[in-house]
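File shown: start.cif (mmCIF, C-alpha atoms and all ligand atoms).
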data_work
#
loop_
_atom_site.label_atom_id
_atom_site.label_comp_id
_atom_site.auth_asym_id
_atom_site.auth_seq_id
_atom_site.Cartn_x
_atom_site.Cartn_y
_atom_site.Cartn_z
CA MET A 109 -13.49 9.56 13.89
CA GLU A 110 -16.78 10.79 15.13
CA LYS A 111 -19.37 13.41 14.20
CA LYS A 112 -17.50 16.20 16.03
CA TYR A 113 -14.30 15.40 14.13
CA TRP A 114 -15.99 15.43 10.71
CA GLU A 115 -17.90 18.63 11.44
CA LYS A 116 -14.63 20.34 12.50
CA ILE A 117 -12.82 19.16 9.36
CA ALA A 118 -15.65 20.18 6.98
CA PRO A 119 -14.56 23.80 6.22
CA ASN A 120 -11.01 22.58 5.35
CA TYR A 121 -12.08 19.25 3.86
CA GLU A 122 -10.38 19.82 0.49
CA THR A 123 -6.91 20.33 1.99
CA GLU A 124 -7.19 17.92 4.95
CA ILE A 125 -8.75 14.80 3.49
CA PHE A 126 -7.28 12.43 0.92
CA ASP A 127 -9.15 12.53 -2.41
CA VAL A 128 -9.66 8.91 -3.51
CA LEU A 129 -11.34 9.83 -6.81
CA LYS A 130 -8.47 12.10 -7.86
CA ASN A 131 -5.76 9.68 -6.72
CA ASP A 132 -7.22 6.56 -8.35
CA ILE A 133 -5.31 7.08 -11.60
CA SER A 134 -6.24 3.54 -12.70
CA GLY A 135 -9.89 4.65 -12.81
CA LYS A 136 -10.88 1.24 -11.39
CA ILE A 137 -13.42 2.62 -8.94
CA VAL A 138 -15.28 4.64 -11.58
CA LYS A 139 -15.15 1.65 -13.93
CA SER A 140 -16.66 -0.62 -11.24
CA ILE A 141 -19.48 1.87 -10.60
CA LEU A 142 -20.22 2.27 -14.30
CA SER A 143 -20.38 -1.52 -14.74
CA PHE A 144 -23.78 -1.57 -12.99
CA ALA A 145 -24.89 2.06 -13.42
CA ASN A 146 -28.23 2.66 -15.13
CA LYS A 147 -30.56 5.66 -15.43
CA LYS A 148 -33.40 3.44 -14.15
CA LYS A 149 -31.53 2.65 -10.94
CA SER A 150 -31.16 4.42 -7.60
CA VAL A 151 -27.82 4.68 -5.79
CA ILE A 152 -26.80 5.71 -2.28
CA ASP A 153 -23.43 7.31 -1.53
CA ILE A 154 -22.70 6.42 2.10
CA GLY A 155 -20.34 8.94 3.71
CA CYS A 156 -20.52 11.29 0.71
CA ALA A 157 -18.70 14.15 2.52
CA VAL A 158 -18.44 17.17 0.18
CA GLY A 159 -19.86 15.18 -2.72
CA LYS A 160 -16.77 14.26 -4.76
CA TRP A 161 -18.58 11.30 -6.35
CA MET A 162 -21.70 13.28 -7.35
CA PRO A 163 -20.41 14.09 -10.88
CA VAL A 164 -19.90 10.33 -11.39
CA LEU A 165 -23.22 9.20 -9.88
CA SER A 166 -25.67 11.92 -10.92
CA PRO A 167 -25.44 11.53 -14.74
CA ASN A 168 -25.36 7.72 -14.58
CA PHE A 169 -28.19 6.88 -12.15
CA GLY A 170 -31.84 7.97 -12.01
CA LYS A 171 -31.77 8.96 -8.33
CA VAL A 172 -28.88 9.63 -5.98
CA GLN A 173 -29.17 9.59 -2.20
CA ALA A 174 -26.15 11.28 -0.62
CA ILE A 175 -25.77 10.67 3.10
CA ASP A 176 -23.20 11.71 5.68
CA ILE A 177 -22.90 12.16 9.43
CA SER A 178 -21.71 15.74 8.93
CA ALA A 179 -24.35 18.40 8.27
CA LYS A 180 -21.62 20.86 7.22
CA ASN A 181 -20.22 18.46 4.61
CA LEU A 182 -23.72 17.92 3.21
CA LYS A 183 -24.31 21.68 3.00
CA ILE A 184 -21.05 22.16 1.08
CA ALA A 185 -21.94 19.30 -1.29
CA ALA A 186 -25.47 20.59 -1.92
CA GLN A 187 -24.14 24.07 -2.70
CA LYS A 188 -21.33 22.80 -4.94
CA TYR A 189 -23.58 20.52 -6.97
CA LYS A 190 -26.79 22.57 -6.92
CA ASP A 191 -27.12 22.11 -10.71
CA LEU A 192 -27.37 18.33 -10.36
CA GLN A 193 -31.11 17.86 -9.95
CA ASN A 194 -31.45 14.16 -9.06
CA ILE A 195 -29.57 14.22 -5.73
CA ASN A 196 -31.17 14.13 -2.29
CA TYR A 197 -28.91 14.99 0.65
CA GLN A 198 -29.65 13.59 4.11
CA ARG A 199 -27.83 13.51 7.43
CA VAL A 200 -27.58 9.91 8.59
CA ASP A 201 -25.31 8.40 11.23
CA MET A 202 -24.40 4.92 10.01
CA SER A 203 -23.35 3.98 13.55
CA ALA A 204 -26.67 4.97 15.15
CA SER A 205 -28.92 2.15 16.33
CA LYS A 206 -31.44 2.89 13.56
CA VAL A 207 -31.27 4.32 10.04
CA PRO A 208 -34.11 4.99 7.55
CA ALA A 209 -35.63 1.75 6.20
CA VAL A 210 -35.13 2.50 2.50
CA LYS A 211 -33.50 0.30 -0.13
CA TYR A 212 -31.49 1.30 -3.20
CA ASP A 213 -30.35 -0.58 -6.31
CA ALA A 214 -26.74 0.17 -5.55
CA ALA A 215 -24.43 1.73 -2.98
CA ILE A 216 -20.98 3.20 -2.88
CA CYS A 217 -19.05 3.75 0.32
CA ILE A 218 -15.62 5.26 -0.26
CA ASN A 219 -13.27 5.50 2.72
CA ALA A 220 -16.05 6.18 5.20
CA ILE A 221 -15.82 3.10 7.46
CA LEU A 222 -12.91 4.42 9.47
CA THR A 223 -14.09 4.46 13.07
CA ALA A 224 -11.81 2.84 15.64
CA HIS A 225 -14.82 1.47 17.55
CA LEU A 226 -15.87 -2.09 16.74
CA ASN A 227 -19.50 -1.62 17.84
CA LYS A 228 -19.82 1.43 15.54
CA ARG A 229 -18.30 -0.46 12.63
CA ASN A 230 -20.66 -3.39 13.22
CA LEU A 231 -23.66 -1.06 12.96
CA PHE A 232 -22.15 0.66 9.90
CA PHE A 233 -21.80 -2.66 8.03
CA LYS A 234 -25.26 -3.82 9.11
CA HIS A 235 -26.95 -0.59 7.95
CA MET A 236 -24.96 -0.56 4.70
CA ALA A 237 -26.35 -4.01 3.90
CA SER A 238 -29.88 -2.89 4.85
CA PHE A 239 -29.72 -0.05 2.28
CA ILE A 240 -29.19 -2.39 -0.69
CA LYS A 241 -31.90 -4.37 -2.49
CA LYS A 242 -31.51 -8.11 -3.10
CA GLY A 243 -29.27 -8.47 -6.17
CA GLY A 244 -28.05 -4.87 -5.73
CA ASP A 245 -24.44 -3.77 -6.07
CA LEU A 246 -21.87 -2.38 -3.68
CA VAL A 247 -18.59 -0.60 -4.35
CA LEU A 248 -16.64 -0.27 -1.12
CA VAL A 249 -13.22 1.31 -0.60
CA VAL A 250 -11.39 1.04 2.73
CA PRO A 251 -7.84 1.57 4.00
CA SER A 252 -5.65 -1.53 3.75
CA LEU A 253 -3.93 -2.83 6.88
CA GLU A 254 -1.44 -4.78 4.76
CA SER A 255 -0.47 -1.55 2.96
CA LYS A 256 -0.12 0.40 6.20
CA LEU A 257 2.16 -2.22 7.75
CA PHE A 258 4.15 -2.46 4.51
CA SER A 259 4.71 1.32 4.58
CA HIS A 260 5.89 1.16 8.21
CA ILE A 261 8.27 -1.69 7.39
CA VAL A 262 9.70 0.19 4.39
CA ALA A 263 10.05 3.40 6.45
CA ASN A 264 11.92 1.64 9.26
CA LYS A 265 14.17 -0.46 7.07
CA TYR A 266 15.24 2.36 4.76
CA ASN A 267 14.88 5.24 7.23
CA VAL A 268 12.37 7.02 5.01
CA ASP A 269 11.44 10.49 6.34
CA ASN A 270 13.97 9.86 9.15
CA ALA A 271 11.72 7.13 10.57
CA LYS A 272 14.55 5.81 12.76
CA LYS A 273 14.41 9.06 14.74
CA ASP A 274 10.71 8.57 15.57
CA LYS A 275 10.27 8.13 19.31
CA ALA A 276 8.49 4.91 20.30
CA PRO A 277 5.36 5.62 22.32
CA THR A 278 5.49 4.91 26.04
CA GLY A 279 3.05 4.42 28.92
CA LYS A 280 -0.68 4.70 28.26
CA ARG A 281 -0.18 5.66 24.60
CA ALA A 282 1.95 2.54 23.98
CA ILE A 283 -0.64 0.26 25.60
CA GLU A 284 -3.39 1.93 23.58
CA GLN A 285 -1.48 1.49 20.31
CA ILE A 286 -0.87 -2.22 20.94
CA ARG A 287 -4.52 -2.78 21.75
CA TYR A 288 -5.54 -0.84 18.63
CA ILE A 289 -3.15 -2.49 16.16
CA LYS A 290 -4.44 -5.94 17.13
CA ASP A 291 -7.82 -4.74 15.83
CA GLY A 292 -6.33 -3.18 12.67
CA VAL A 293 -6.60 0.37 14.03
CA THR A 294 -3.60 2.58 13.34
CA ASP A 295 -3.16 6.34 13.04
CA ILE A 296 -3.70 8.45 9.94
CA ASP A 297 -2.55 12.00 10.73
CA ASP A 298 -2.64 11.14 14.44
CA VAL A 299 -6.25 9.94 14.27
CA PRO A 300 -6.85 6.25 15.15
CA THR A 301 -8.31 4.82 11.94
CA LYS A 302 -9.55 1.33 11.12
CA HIS A 303 -7.58 -0.45 8.38
CA PHE A 304 -8.81 -3.75 6.91
CA LEU A 305 -7.26 -7.05 5.84
CA LYS A 306 -8.42 -8.58 2.57
CA GLU A 307 -9.59 -11.78 4.31
CA GLU A 308 -11.36 -9.74 7.00
CA LEU A 309 -13.34 -7.86 4.35
CA THR A 310 -14.40 -11.06 2.63
CA LEU A 311 -15.66 -12.53 5.91
CA LEU A 312 -17.38 -9.32 7.09
CA LEU A 313 -19.25 -8.84 3.83
CA GLU A 314 -20.25 -12.50 3.49
CA MET A 315 -21.61 -12.35 7.07
CA GLU A 316 -23.69 -9.28 6.12
CA GLY A 317 -25.26 -11.15 3.18
CA PHE A 318 -23.02 -10.07 0.29
CA LYS A 319 -21.34 -12.14 -2.39
CA VAL A 320 -17.88 -10.66 -2.86
CA LEU A 321 -17.13 -10.47 -6.58
CA GLU A 322 -13.75 -8.73 -6.53
CA ILE A 323 -11.21 -7.37 -4.08
CA GLU A 324 -8.56 -5.28 -5.78
CA LYS A 325 -5.85 -2.82 -4.87
CA ILE A 326 -6.31 0.86 -5.65
CA LYS A 327 -2.67 1.83 -5.89
CA TYR A 328 -1.37 5.27 -4.97
CA ASP A 329 1.89 7.13 -5.34
CA TRP A 330 4.42 6.77 -2.48
CA THR A 331 4.09 10.53 -1.89
CA THR A 332 0.73 9.70 -0.29
CA GLU A 333 2.65 7.89 2.51
CA PHE A 334 5.99 9.71 2.73
CA HIS A 335 7.11 13.34 2.52
CA LYS A 336 10.27 12.31 0.67
CA PRO A 337 10.01 8.81 -0.79
CA PRO A 338 13.40 7.53 -2.05
CA THR A 339 13.65 7.85 -5.85
CA TRP A 340 14.29 4.07 -6.13
CA LEU A 341 11.03 3.25 -4.30
CA LYS A 342 8.57 2.29 -7.03
CA ASN A 343 6.65 -1.01 -6.71
CA PRO A 344 4.74 -2.34 -4.86
CA LYS A 345 2.93 0.91 -4.20
CA PRO A 346 0.69 1.70 -1.20
CA TRP A 347 -2.97 0.91 -1.67
CA ASP A 348 -6.59 0.92 -0.45
CA TRP A 349 -8.87 -2.07 -0.90
CA LEU A 350 -11.63 -1.83 -3.50
CA VAL A 351 -14.41 -4.37 -2.99
CA VAL A 352 -17.14 -5.05 -5.52
CA ALA A 353 -19.97 -7.10 -4.04
CA LYS A 354 -23.55 -8.14 -4.70
CA LYS A 355 -26.33 -8.37 -2.08
CA LYS A 356 -27.58 -11.97 -1.91
C1 LIG B 1 -12.67 10.32 4.24
S1 LIG B 1 -14.26 10.97 4.03
C2 LIG B 1 -14.67 10.21 2.47
C3 LIG B 1 -15.64 11.00 1.69
C4 LIG B 1 -16.07 10.55 0.31
N1 LIG B 1 -16.68 9.24 0.33
C5 LIG B 1 -14.97 10.63 -0.71
O1 LIG B 1 -14.54 9.60 -1.22
O2 LIG B 1 -14.57 11.74 -1.05
C6 LIG B 1 -15.27 10.06 5.16
C7 LIG B 1 -16.69 10.58 5.29
O3 LIG B 1 -17.44 9.61 6.02
C8 LIG B 1 -18.34 10.29 6.87
N2 LIG B 1 -18.71 9.42 7.98
C9 LIG B 1 -17.89 8.94 8.96
N3 LIG B 1 -18.59 8.22 9.84
C10 LIG B 1 -19.88 8.23 9.43
C11 LIG B 1 -21.08 7.68 9.94
N4 LIG B 1 -21.10 6.99 11.08
N5 LIG B 1 -22.22 7.89 9.25
C12 LIG B 1 -22.22 8.62 8.10
N6 LIG B 1 -21.12 9.17 7.58
C13 LIG B 1 -19.95 8.98 8.23
C14 LIG B 1 -17.57 11.52 7.31
O4 LIG B 1 -18.40 12.55 7.77
C15 LIG B 1 -16.80 11.89 6.05
O5 LIG B 1 -17.52 12.83 5.30
#

As a first step, turn the structure in this file into structure tokens.
Ligand SMILES: C[S@@+](CC[C@H](N)C(=O)[O-])C[C@H]1O[C@@H](n2cnc3c(N)ncnc32)[C@H](O)[C@@H]1O
Amino acid sequence: MEKKYWEKIAPNYETEIFDVLKNDISGKIVKSILSFANKKKSVIDIGCAVGKWMPVLSPNFGKVQAIDISAKNLKIAAQKYKDLQNINYQRVDMSASKVPAVKYDAAICINAILTAHLNKRNLFFKHMASFIKKGGDLVLVVPSLESKLFSHIVANKYNVDNAKKDKAPTGKRAIEQIRYIKDGVTDIDDVPTKHFLKEELTLLLEMEGFKVLEIEKIKYDWTTEFHKPPTWLKNPKPWDWLVVAKKK
């Protein structure tokens, strides 16, 4: 999931990319953001894409910095939310060796740490920490590896969406998939995407100087995983991880 991919997706972003804000019917993410929001504070939205979170951030913080690797996404966001005056849009690659040395009171990063490459993720986490002031807050949402494996297990056991007819990969692709899954990387719409374990997130964030306050599930409908989920399939539902953390 690199710059080229995100630039290509940008014009069709609304139909191609899962909308976390819309699908979080529990409202837990918004509630977590509002728990520390303040008009005197600044906030950075890391991987803001087309700006879905701007209507949540702009009225509740003094200044909003919206960054993304995709110039096209930023242009769409700036156009869509041109009436929101306290937002500054900037193209920043969180996996570059350097990012601007600026600190904010808070940060949100919603399903943006997705790259399959460990070195790029390491830089992403490091830069994310560097953007937050001591005592500042972070709301992070990432795909859950537990949820992804659970969905696969359910699909295979109960033949959901004819899963039993899926051909197992062979040759180079099979070797690649084994190597990837050991690192928590598995496909979303045929794109290798990093998924995280709860324990992994705790360790990663502690190592980057955060105190993890909460790790919770953001639960979604089964239609987000399957074309035709069986009517009996209710709970547990698939989920992303929501992490609320404080910079030490
Ligand atoms: C799935 S979208 C999520 C967008 C948004 N946070 C939301 O919840 O609607 C992921 C976004 O992360 C951005 N992104 C991916 N890698 C990035 C990087 N290295 N630096 C900055 N942004 C990145 C992509 O361009 C894309 O807009």

Find the residues with any atom within 10 Å of (-1.9, 3.2, 15.5); use all atoms listed in the file and the coordinates as given in the file, and write the answer as a PyMOL selection string. chain A and resi 224+256+281-282+284-296+298-303

Using only C-alpha atoms, which protein or nucleic acid residues come within 10 Å of Lys306 of chain A? Drop anything in the same chain fewer than 4 positions from it, and give the result as a compact mmCIF listing (two decimals) with C-alpha atoms, in the coordinates of the input.
# COMPACT_ATOMS: atom_id res chain seq x y z
CA SER A 252 -5.65 -1.53 3.75
CA LEU A 253 -3.93 -2.83 6.88
CA GLU A 254 -1.44 -4.78 4.76
CA THR A 310 -14.40 -11.06 2.63
CA LEU A 311 -15.66 -12.53 5.91
CA ILE A 323 -11.21 -7.37 -4.08
CA GLU A 324 -8.56 -5.28 -5.78
CA LYS A 325 -5.85 -2.82 -4.87
CA TRP A 349 -8.87 -2.07 -0.90
CA LEU A 350 -11.63 -1.83 -3.50
CA VAL A 351 -14.41 -4.37 -2.99

Around ligand LIG 1 (chain B), which protein and nucleic acid residues have at least one atom no more than 8 Å from it, if we count all atoms listed in the file? List them as a PDB file with C-alpha atoms, in the coordinates of the input.
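Done, and the output landed in pocket_23.pdb:
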ATOM      1  CA  MET A 109     -13.490   9.560  13.890  1.00  0.00           C
ATOM      2  CA  GLU A 110     -16.780  10.790  15.130  1.00  0.00           C
ATOM      3  CA  LYS A 111     -19.370  13.410  14.200  1.00  0.00           C
ATOM      4  CA  TRP A 114     -15.990  15.430  10.710  1.00  0.00           C
ATOM      5  CA  GLU A 115     -17.900  18.630  11.440  1.00  0.00           C
ATOM      6  CA  ALA A 118     -15.650  20.180   6.980  1.00  0.00           C
ATOM      7  CA  ILE A 125      -8.750  14.800   3.490  1.00  0.00           C
ATOM      8  CA  PHE A 126      -7.280  12.430   0.920  1.00  0.00           C
ATOM      9  CA  ASP A 127      -9.150  12.530  -2.410  1.00  0.00           C
ATOM     10  CA  VAL A 128      -9.660   8.910  -3.510  1.00  0.00           C
ATOM     11  CA  LEU A 129     -11.340   9.830  -6.810  1.00  0.00           C
ATOM     12  CA  ASP A 153     -23.430   7.310  -1.530  1.00  0.00           C
ATOM     13  CA  ILE A 154     -22.700   6.420   2.100  1.00  0.00           C
ATOM     14  CA  GLY A 155     -20.340   8.940   3.710  1.00  0.00           C
ATOM     15  CA  CYS A 156     -20.520  11.290   0.710  1.00  0.00           C
ATOM     16  CA  ALA A 157     -18.700  14.150   2.520  1.00  0.00           C
ATOM     17  CA  VAL A 158     -18.440  17.170   0.180  1.00  0.00           C
ATOM     18  CA  GLY A 159     -19.860  15.180  -2.720  1.00  0.00           C
ATOM     19  CA  LYS A 160     -16.770  14.260  -4.760  1.00  0.00           C
ATOM     20  CA  TRP A 161     -18.580  11.300  -6.350  1.00  0.00           C
ATOM     21  CA  ILE A 175     -25.770  10.670   3.100  1.00  0.00           C
ATOM     22  CA  ASP A 176     -23.200  11.710   5.680  1.00  0.00           C
ATOM     23  CA  ILE A 177     -22.900  12.160   9.430  1.00  0.00           C
ATOM     24  CA  SER A 178     -21.710  15.740   8.930  1.00  0.00           C
ATOM     25  CA  ASN A 181     -20.220  18.460   4.610  1.00  0.00           C
ATOM     26  CA  ARG A 199     -27.830  13.510   7.430  1.00  0.00           C
ATOM     27  CA  VAL A 200     -27.580   9.910   8.590  1.00  0.00           C
ATOM     28  CA  ASP A 201     -25.310   8.400  11.230  1.00  0.00           C
ATOM     29  CA  MET A 202     -24.400   4.920  10.010  1.00  0.00           C
ATOM     30  CA  SER A 203     -23.350   3.980  13.550  1.00  0.00           C
ATOM     31  CA  ALA A 204     -26.670   4.970  15.150  1.00  0.00           C
ATOM     32  CA  CYS A 217     -19.050   3.750   0.320  1.00  0.00           C
ATOM     33  CA  ILE A 218     -15.620   5.260  -0.260  1.00  0.00           C
ATOM     34  CA  ASN A 219     -13.270   5.500   2.720  1.00  0.00           C
ATOM     35  CA  ALA A 220     -16.050   6.180   5.200  1.00  0.00           C
ATOM     36  CA  ILE A 221     -15.820   3.100   7.460  1.00  0.00           C
ATOM     37  CA  LEU A 222     -12.910   4.420   9.470  1.00  0.00           C
ATOM     38  CA  THR A 223     -14.090   4.460  13.070  1.00  0.00           C
ATOM     39  CA  LYS A 228     -19.820   1.430  15.540  1.00  0.00           C
ATOM     40  CA  PHE A 232     -22.150   0.660   9.900  1.00  0.00           C
TER      41      PHE A 232
END

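The residue set within 9 Å of segment 189-192 of chain A, counting only C-alpha atoms and dropping same-chain residues fewer than 3 places from it, reads Gly159, Met162, Pro163, Ser166, Pro167, Ile184, Ala185, Ala186 and Ile195 of chain A.
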
Can you write out the residues you just picked, keeping C-alpha atoms, as a PDB file, in the coordinates of the input?
ATOM      1  CA  GLY A 159     -19.860  15.180  -2.720  1.00  0.00           C
ATOM      2  CA  MET A 162     -21.700  13.280  -7.350  1.00  0.00           C
ATOM      3  CA  PRO A 163     -20.410  14.090 -10.880  1.00  0.00           C
ATOM      4  CA  SER A 166     -25.670  11.920 -10.920  1.00  0.00           C
ATOM      5  CA  PRO A 167     -25.440  11.530 -14.740  1.00  0.00           C
ATOM      6  CA  ILE A 184     -21.050  22.160   1.080  1.00  0.00           C
ATOM      7  CA  ALA A 185     -21.940  19.300  -1.290  1.00  0.00           C
ATOM      8  CA  ALA A 186     -25.470  20.590  -1.920  1.00  0.00           C
ATOM      9  CA  ILE A 195     -29.570  14.220  -5.730  1.00  0.00           C
TER      10      ILE A 195
END

Find the distance between atom CA of Ser143 of chain A and atom CA of Ala353 of chain A and write it in Å to one decimal.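 Calculated distance between atom CA of Ser143 of chain A and atom CA of Ala353 of chain A is 12.1 Å.
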
Residue nearest Lys116 of chain A among A:Lys180, A:Ala237, A:Gly170, A:Lys139 (counting all atoms listed in the file):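 Between A:Lys180, A:Ala237, A:Gly170, A:Lys139, the residue approaching Lys116 of chain A most closely is A:Lys180.
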
Have a look at A:Gln198, A:Lys183, A:Leu246, A:Ile216 and name the one nearest to Val164 of chain A; count all atoms listed in the file.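 Of the candidates, the smallest distance to Val164 of chain A is held by A:Ile216.
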
Draw an axis-aligned box over all listed atoms of segment 148-164 of chain A, pad each side with 6 Å, and write its centre and edge lengths in Å, one decimal, as JSON.
{"center_x": -25.1, "center_y": 9.9, "center_z": -5.2, "size_x": 28.6, "size_y": 26.5, "size_z": 29.9}

Just how far from atom CA of Lys327 of chain A is atom CA of Gly135 of chain A, in Å to one decimal?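 Spanning atom CA of Gly135 of chain A to atom CA of Lys327 of chain A is a straight-line distance of 10.4 Å.
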
Between atom CA of Ala174 of chain A and atom CA of Leu142 of chain A, measure the distance and give it in Å to one decimal.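 Computing the Euclidean distance for atom CA of Ala174 of chain A and atom CA of Leu142 of chain A yields 17.4 Å.
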
Residues proximal to (-28.2, -13.3, -5.2) were defined as those with any atom within 8 Å of that point in the file's coordinates, counting only C-alpha atoms. Which are they, as a PDB file with C-alpha atoms, in the coordinates of the input?
ATOM      1  CA  LYS A 242     -31.510  -8.110  -3.100  1.00  0.00           C
ATOM      2  CA  GLY A 243     -29.270  -8.470  -6.170  1.00  0.00           C
ATOM      3  CA  LYS A 319     -21.340 -12.140  -2.390  1.00  0.00           C
ATOM      4  CA  LYS A 354     -23.550  -8.140  -4.700  1.00  0.00           C
ATOM      5  CA  LYS A 355     -26.330  -8.370  -2.080  1.00  0.00           C
ATOM      6  CA  LYS A 356     -27.580 -11.970  -1.910  1.00  0.00           C
TER       7      LYS A 356
END
